[in-house]
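Data from run-v6.cif: mmCIF, C-alpha atoms and all ligand atoms
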```
data_target
loop_
_atom_site.label_atom_id
_atom_site.label_comp_id
_atom_site.auth_asym_id
_atom_site.auth_seq_id
_atom_site.Cartn_x
_atom_site.Cartn_y
_atom_site.Cartn_z
CA MET A 1 32.99 -10.06 1.88
CA ARG A 2 34.80 -13.31 1.05
CA ILE A 3 33.08 -15.34 -1.61
CA ASP A 4 32.95 -18.45 0.60
CA LYS A 5 31.16 -16.47 3.34
CA PHE A 6 28.79 -14.98 0.77
CA LEU A 7 27.89 -18.40 -0.62
CA ALA A 8 27.50 -19.89 2.86
CA ASN A 9 25.22 -16.98 3.85
CA MET A 10 23.18 -17.55 0.72
CA GLY A 11 22.55 -21.14 1.75
CA PHE A 12 25.11 -23.06 -0.29
CA GLY A 13 26.23 -25.04 2.76
CA THR A 14 29.01 -24.74 5.29
CA ARG A 15 32.25 -22.95 4.47
CA LYS A 16 33.81 -26.40 3.87
CA GLU A 17 31.00 -27.40 1.47
CA VAL A 18 31.27 -24.06 -0.29
CA LYS A 19 35.01 -24.60 -0.77
CA LYS A 20 34.24 -27.90 -2.50
CA LEU A 21 31.58 -26.21 -4.65
CA LEU A 22 34.10 -23.57 -5.73
CA LYS A 23 36.57 -26.30 -6.70
CA THR A 24 34.02 -27.78 -9.13
CA GLY A 25 34.27 -24.61 -11.24
CA THR A 26 30.53 -23.92 -11.28
CA VAL A 27 30.81 -20.51 -9.60
CA ARG A 28 31.37 -17.49 -11.80
CA LEU A 29 32.31 -14.02 -10.61
CA ASN A 30 31.72 -11.26 -13.16
CA ASP A 31 31.86 -13.82 -15.97
CA GLU A 32 35.01 -15.55 -14.81
CA THR A 33 35.22 -18.86 -13.05
CA VAL A 34 36.32 -18.44 -9.46
CA LYS A 35 37.80 -21.30 -7.48
CA ASP A 36 39.57 -19.45 -4.68
CA ALA A 37 37.49 -19.26 -1.48
CA LYS A 38 39.47 -16.26 -0.27
CA VAL A 39 38.48 -13.94 -3.14
CA HIS A 40 36.68 -10.82 -1.88
CA ILE A 41 33.53 -9.57 -3.56
CA ASP A 42 31.41 -6.43 -3.37
CA VAL A 43 27.94 -7.82 -2.70
CA ASN A 44 26.27 -4.76 -4.20
CA ARG A 45 28.23 -4.64 -7.45
CA ASP A 46 29.71 -7.99 -8.36
CA SER A 47 27.70 -10.62 -10.13
CA VAL A 48 27.92 -14.13 -8.73
CA ILE A 49 26.44 -16.97 -10.77
CA VAL A 50 26.21 -20.56 -9.51
CA ASN A 51 25.23 -23.22 -12.03
CA GLY A 52 23.80 -20.49 -14.24
CA GLU A 53 21.71 -18.92 -11.44
CA VAL A 54 22.40 -15.28 -10.53
CA ILE A 55 22.71 -15.04 -6.75
CA GLU A 56 21.27 -11.78 -5.41
CA TYR A 57 22.65 -10.85 -2.04
CA LYS A 58 20.05 -10.57 0.66
CA GLU A 59 20.83 -10.76 4.33
CA PHE A 60 17.28 -11.03 5.58
CA ILE A 61 14.15 -12.60 4.23
CA TYR A 62 10.58 -11.77 5.35
CA LEU A 63 7.72 -14.03 4.31
CA MET A 64 3.98 -13.76 4.85
CA MET A 65 2.28 -17.17 4.83
CA ASN A 66 -1.36 -18.18 5.01
CA LYS A 67 -0.95 -21.24 7.21
CA PRO A 68 -3.40 -24.07 6.65
CA GLN A 69 -4.77 -26.26 9.44
CA GLY A 70 -2.67 -29.34 10.17
CA VAL A 71 0.65 -27.56 9.68
CA ILE A 72 2.92 -26.81 12.64
CA SER A 73 4.46 -23.34 13.22
CA ALA A 74 7.98 -24.66 13.73
CA THR A 75 11.10 -25.29 11.71
CA GLU A 76 10.95 -29.06 12.16
CA ASP A 77 8.68 -31.69 13.60
CA SER A 78 9.04 -35.45 13.88
CA LYS A 79 5.59 -36.27 12.52
CA ASP A 80 3.77 -33.25 11.10
CA GLU A 81 4.45 -30.94 8.20
CA THR A 82 5.85 -27.55 9.27
CA VAL A 83 5.55 -24.08 7.80
CA VAL A 84 9.20 -24.36 6.73
CA ASP A 85 8.38 -27.56 4.80
CA LEU A 86 6.00 -25.44 2.67
CA LEU A 87 8.83 -23.16 1.49
CA GLN A 88 10.57 -23.31 -1.87
CA LEU A 89 14.22 -24.26 -1.60
CA GLU A 90 15.29 -20.80 -2.76
CA ASP A 91 13.55 -19.28 0.31
CA ALA A 92 14.31 -22.07 2.80
CA ARG A 93 17.97 -21.49 1.98
CA TYR A 94 17.87 -18.32 4.15
CA GLU A 95 16.76 -20.43 7.11
CA PRO A 96 13.72 -18.37 8.09
CA PHE A 97 11.74 -19.39 11.17
CA PRO A 98 8.17 -18.56 12.21
CA VAL A 99 7.78 -15.54 14.49
CA GLY A 100 5.57 -16.93 17.24
CA ARG A 101 3.22 -19.85 17.00
CA LEU A 102 -0.22 -20.58 15.73
CA ASP A 103 -1.90 -23.77 16.91
CA LYS A 104 -1.98 -26.72 14.52
CA ASP A 105 -5.70 -26.13 13.91
CA THR A 106 -5.37 -22.34 13.51
CA GLU A 107 -5.15 -20.82 10.04
CA GLY A 108 -3.80 -17.56 8.80
CA PHE A 109 -0.94 -15.14 8.98
CA VAL A 110 2.44 -16.53 9.95
CA LEU A 111 5.45 -14.30 9.51
CA LEU A 112 8.72 -16.06 8.78
CA THR A 113 12.08 -14.34 8.90
CA ASN A 114 15.74 -14.95 9.65
CA ASN A 115 15.99 -11.51 11.30
CA GLY A 116 16.33 -12.66 14.90
CA LYS A 117 16.37 -9.14 16.33
CA LEU A 118 13.09 -8.19 14.67
CA ALA A 119 11.51 -11.53 15.64
CA HIS A 120 12.55 -10.98 19.24
CA GLU A 121 11.03 -7.49 19.27
CA LEU A 122 7.77 -8.64 17.72
CA LEU A 123 7.47 -11.36 20.36
CA SER A 124 8.52 -9.26 23.33
CA PRO A 125 5.59 -8.79 25.74
CA LYS A 126 6.95 -5.29 26.45
CA LYS A 127 6.33 -4.20 22.84
CA HIS A 128 2.58 -4.99 22.92
CA VAL A 129 2.43 -5.83 19.21
CA PRO A 130 -1.30 -6.23 18.39
CA LYS A 131 -2.50 -9.36 16.62
CA THR A 132 -5.99 -9.62 15.22
CA TYR A 133 -7.90 -12.88 14.85
CA TYR A 134 -11.16 -13.85 13.20
CA ALA A 135 -13.01 -16.62 15.03
CA ARG A 136 -16.23 -18.58 14.98
CA ILE A 137 -17.54 -19.17 18.47
CA GLN A 138 -19.97 -21.77 19.73
CA GLY A 139 -22.33 -19.69 21.88
CA VAL A 140 -23.85 -16.24 21.84
CA VAL A 141 -21.13 -13.59 22.17
CA THR A 142 -22.53 -10.53 23.95
CA GLU A 143 -21.65 -6.93 24.74
CA GLU A 144 -20.93 -8.19 28.25
CA ASP A 145 -18.10 -10.31 26.80
CA VAL A 146 -16.83 -7.23 24.96
CA ALA A 147 -16.72 -5.35 28.29
CA LYS A 148 -15.04 -8.27 30.07
CA PHE A 149 -12.35 -8.61 27.40
CA LYS A 150 -11.76 -4.85 27.59
CA ILE A 151 -10.91 -5.14 31.30
CA GLY A 152 -9.20 -8.53 31.04
CA VAL A 153 -10.39 -12.03 31.87
CA THR A 154 -8.87 -14.68 34.13
CA LEU A 155 -7.51 -17.73 32.30
CA ASP A 156 -7.61 -21.28 33.70
CA ASP A 157 -4.14 -20.87 35.25
CA GLY A 158 -5.09 -17.63 37.03
CA TYR A 159 -3.43 -15.32 34.48
CA GLU A 160 -5.21 -11.98 34.00
CA THR A 161 -5.22 -11.02 30.34
CA LYS A 162 -4.35 -7.52 29.16
CA PRO A 163 -7.19 -5.43 27.69
CA ALA A 164 -8.35 -6.87 24.38
CA ASP A 165 -10.59 -5.46 21.70
CA LEU A 166 -13.51 -7.73 20.85
CA VAL A 167 -15.72 -6.88 17.88
CA ILE A 168 -18.90 -8.90 17.34
CA LEU A 169 -19.50 -9.51 13.63
CA LYS A 170 -22.45 -11.85 14.18
CA SER A 171 -24.09 -12.96 17.41
CA GLY A 172 -26.02 -16.23 17.50
CA GLU A 173 -25.73 -19.95 18.30
CA ILE A 174 -22.52 -19.72 16.28
CA SER A 175 -21.08 -16.22 16.65
CA GLU A 176 -18.43 -14.55 14.53
CA ILE A 177 -15.95 -12.14 16.02
CA GLU A 178 -12.67 -10.31 15.56
CA LEU A 179 -10.37 -10.11 18.54
CA THR A 180 -7.22 -8.01 18.89
CA ILE A 181 -4.78 -9.00 21.62
CA THR A 182 -1.36 -7.60 22.45
CA GLU A 183 0.12 -10.70 24.04
CA GLY A 184 0.59 -14.30 23.05
CA LYS A 185 -0.06 -16.74 25.86
CA PHE A 186 -0.44 -20.41 24.96
CA HIS A 187 -3.86 -20.97 23.29
CA GLN A 188 -4.74 -17.44 24.36
CA VAL A 189 -7.80 -16.76 22.21
CA LYS A 190 -9.31 -20.18 22.88
CA ARG A 191 -8.71 -19.83 26.61
CA MET A 192 -10.16 -16.31 26.71
CA PHE A 193 -13.41 -17.64 25.31
CA ILE A 194 -13.36 -20.59 27.72
CA ALA A 195 -13.11 -17.94 30.47
CA VAL A 196 -16.52 -16.63 29.33
CA ASP A 197 -17.96 -20.16 28.87
CA LYS A 198 -17.72 -20.32 25.09
CA LYS A 199 -15.76 -22.35 22.59
CA VAL A 200 -13.67 -21.31 19.59
CA THR A 201 -14.55 -23.62 16.70
CA TYR A 202 -12.48 -21.90 14.01
CA LEU A 203 -9.57 -19.49 14.36
CA LYS A 204 -7.64 -17.49 11.80
CA ARG A 205 -4.99 -14.79 12.33
CA LEU A 206 -5.63 -11.74 10.17
CA SER A 207 -2.89 -9.33 11.15
CA ILE A 208 0.37 -8.84 13.00
CA GLY A 209 1.19 -5.28 14.04
CA PRO A 210 0.74 -3.03 11.00
CA LEU A 211 0.58 -5.93 8.51
CA LYS A 212 -2.59 -7.54 7.21
CA LEU A 213 -2.72 -11.01 5.69
CA ASP A 214 -2.82 -10.66 1.91
CA PRO A 215 -6.32 -11.90 0.93
CA THR A 216 -4.98 -13.24 -2.39
CA LEU A 217 -2.84 -15.85 -0.60
CA GLU A 218 -4.53 -19.25 -0.67
CA LEU A 219 -4.02 -21.57 2.29
CA GLY A 220 -0.44 -22.84 2.20
CA GLU A 221 0.73 -20.02 -0.06
CA TYR A 222 3.20 -17.34 0.90
CA ARG A 223 5.01 -14.36 -0.53
CA GLU A 224 7.86 -12.05 0.40
CA LEU A 225 6.91 -8.84 2.18
CA THR A 226 7.12 -5.78 -0.03
CA ASP A 227 9.70 -3.09 0.81
CA GLU A 228 6.83 -0.93 2.14
CA GLU A 229 5.64 -3.74 4.42
CA ILE A 230 9.16 -4.34 5.74
CA GLU A 231 9.44 -0.61 6.40
CA LEU A 232 6.11 -0.62 8.27
CA LEU A 233 7.20 -3.56 10.37
CA VAL A 234 10.64 -2.23 11.23
CA ASN A 235 9.47 1.33 11.90
CA ARG A 236 6.17 0.45 13.53
CA GLU A 237 5.10 2.63 16.44
CA GLN A 238 6.29 1.24 19.74
N1 LIG B 301 -4.78 -18.11 20.29
C1 LIG B 301 -5.08 -19.41 20.23
O1 LIG B 301 -5.83 -19.92 21.02
N2 LIG B 301 -4.52 -20.14 19.23
C2 LIG B 301 -3.69 -19.63 18.30
O2 LIG B 301 -3.23 -20.35 17.42
C3 LIG B 301 -3.40 -18.27 18.38
C4 LIG B 301 -3.95 -17.52 19.39
#
```
Starting from the file, lay out its structure as structure tokens.
Amino acid sequence: MRIDKFLANMGFGTRKEVKKLLKTGTVRLNDETVKDAKVHIDVNRDSVIVNGEVIEYKEFIYLMMNKPQGVISATEDSKDETVVDLLQLEDARYEPFPVGRLDKDTEGFVLLTNNGKLAHELLSPKKHVPKTYYARIQGVVTEEDVAKFKIGVTLDDGYETKPADLVILKSGEISEIELTITEGKFHQVKRMFIAVDKKVTYLKRLSIGPLKLDPTLELGEYRELTDEEIELLVNREQ
């Protein structure tokens, strides 16, 4: 791969900007200064150092974030902070984007990646990727609701939801539940509870497909997926 393409892929700007960077003499290839944008490198063997920083080649990045309330699941927003704003520059450089959306007031697991193909698959309604949520509900959640969710409920726009797995953790004036759905309609969990005359007062996503939110991540924190987690995600059962 040409060194200018490598540096552009690694987030050092456009090919034109990278050319300028090379001219400054701050890029070293195997301990020698390289100024020629056309030089070819072996991304697995050669060592590229920019301003003293070793640049490891990575095509894709996969991040697990514990999204706090008040943050938007988007790459940019005119008024609110986004999940991408929470990233360190060294990760943002790969231009990851959130796979699907959580509402502004929903917390929990957001997956960010720059692997468009995987993101597309995870979002495809045909793939039925399960997502599990924890919620606090105003109102007494009953076994009748469990049965209704199992068959599917009718949302306010007439949409019939696919079968969903509702587990009651605590039933009372304020109930606590876990709900697994395999689709991602707008405000789906909140609207499913409205369909049974109840209100979600707190919502947190716990898992996406085979991956569970790392409980050690504080709100607003994130980490890269491990190789095992990437493997699970890519080779998940269809
Ligand atoms: N369902 C909702 O209602 N909100 C979310 O953020 C995610 C699922």
Quick one: of A:Gly152, A:Gly116, A:Gly184, A:Pro98, who's nearest to ligand LIG 301 (chain B), counting all atoms listed in the file?
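Closest to ligand LIG 301 (chain B), using all atoms listed in the file: A:Gly184.
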Please measure the separation of atom CA of A:Glu231 and atom CA of A:Pro96, giving the value in Å to one decimal.
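Straight-line distance from atom CA of A:Glu231 to atom CA of A:Pro96 works out to 18.3 Å.
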Would you list the contacts of A:Glu17 as a list in words, taking every protein, DNA or RNA residue within 10 Å and counting all atoms listed in the file, but skipping same-chain residues closer than 4 positions in sequence?
Asp4, Leu7, Ala8, Phe12, Gly13, Leu21, Leu22 and Lys23 of chain A
What residues have an atom no more than 9 Å from (-7.4, -13.7, 32.4) in the file's own frame, counting only C-alpha atoms, and can you write them as a list in words?
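Applying the cut-off with only C-alpha atoms, one gets Phe149, Gly152, Val153, Thr154, Leu155, Asp156, Asp157, Gly158, Tyr159, Glu160, Thr161, Lys162, Arg191, Met192 and Ala195 of chain A.
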Mind pulling up the distance from atom O2 of ligand LIG 301 (chain B) to atom CA of A:Ile72?
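We find that atom CA of A:Ile72 and atom O2 of ligand LIG 301 (chain B) lie 10.1 Å from each other.
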Which residues of chain A come within 7 Å of ligand LIG 301 (chain B), and for each one, what is the closest pair of atoms and their distance in Å to one decimal, counting only C-alpha atoms and all ligand atoms, sorted by chain and residue number, as a tab-separated table?
```
residue	atom	partner	partner_atom	distance
A:Arg101	CA	B:LIG301	O2	6.5
A:Leu102	CA	B:LIG301	O2	3.5
A:Asp103	CA	B:LIG301	O2	3.7
A:Thr106	CA	B:LIG301	O2	4.9
A:Gly184	CA	B:LIG301	C4	6.7
A:Phe186	CA	B:LIG301	O1	6.7
A:His187	CA	B:LIG301	O1	3.2
A:Gln188	CA	B:LIG301	N1	4.1
A:Val189	CA	B:LIG301	N1	3.8
A:Lys190	CA	B:LIG301	O1	4.0
A:Arg191	CA	B:LIG301	O1	6.3
```
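The smallest atom-to-atom distance between A:Val39 and any of A:Lys5, A:Gly139, A:Val167, A:Met10, using all atoms listed in the file, is found for A:Lys5.
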Point out the residue among A:Gln138, A:Leu217, A:Asn235, A:Glu173 with the least atom-to-atom distance to A:Val200, counting only C-alpha atoms.
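Among A:Gln138, A:Leu217, A:Asn235, A:Glu173, it is A:Gln138 that comes nearest to A:Val200.
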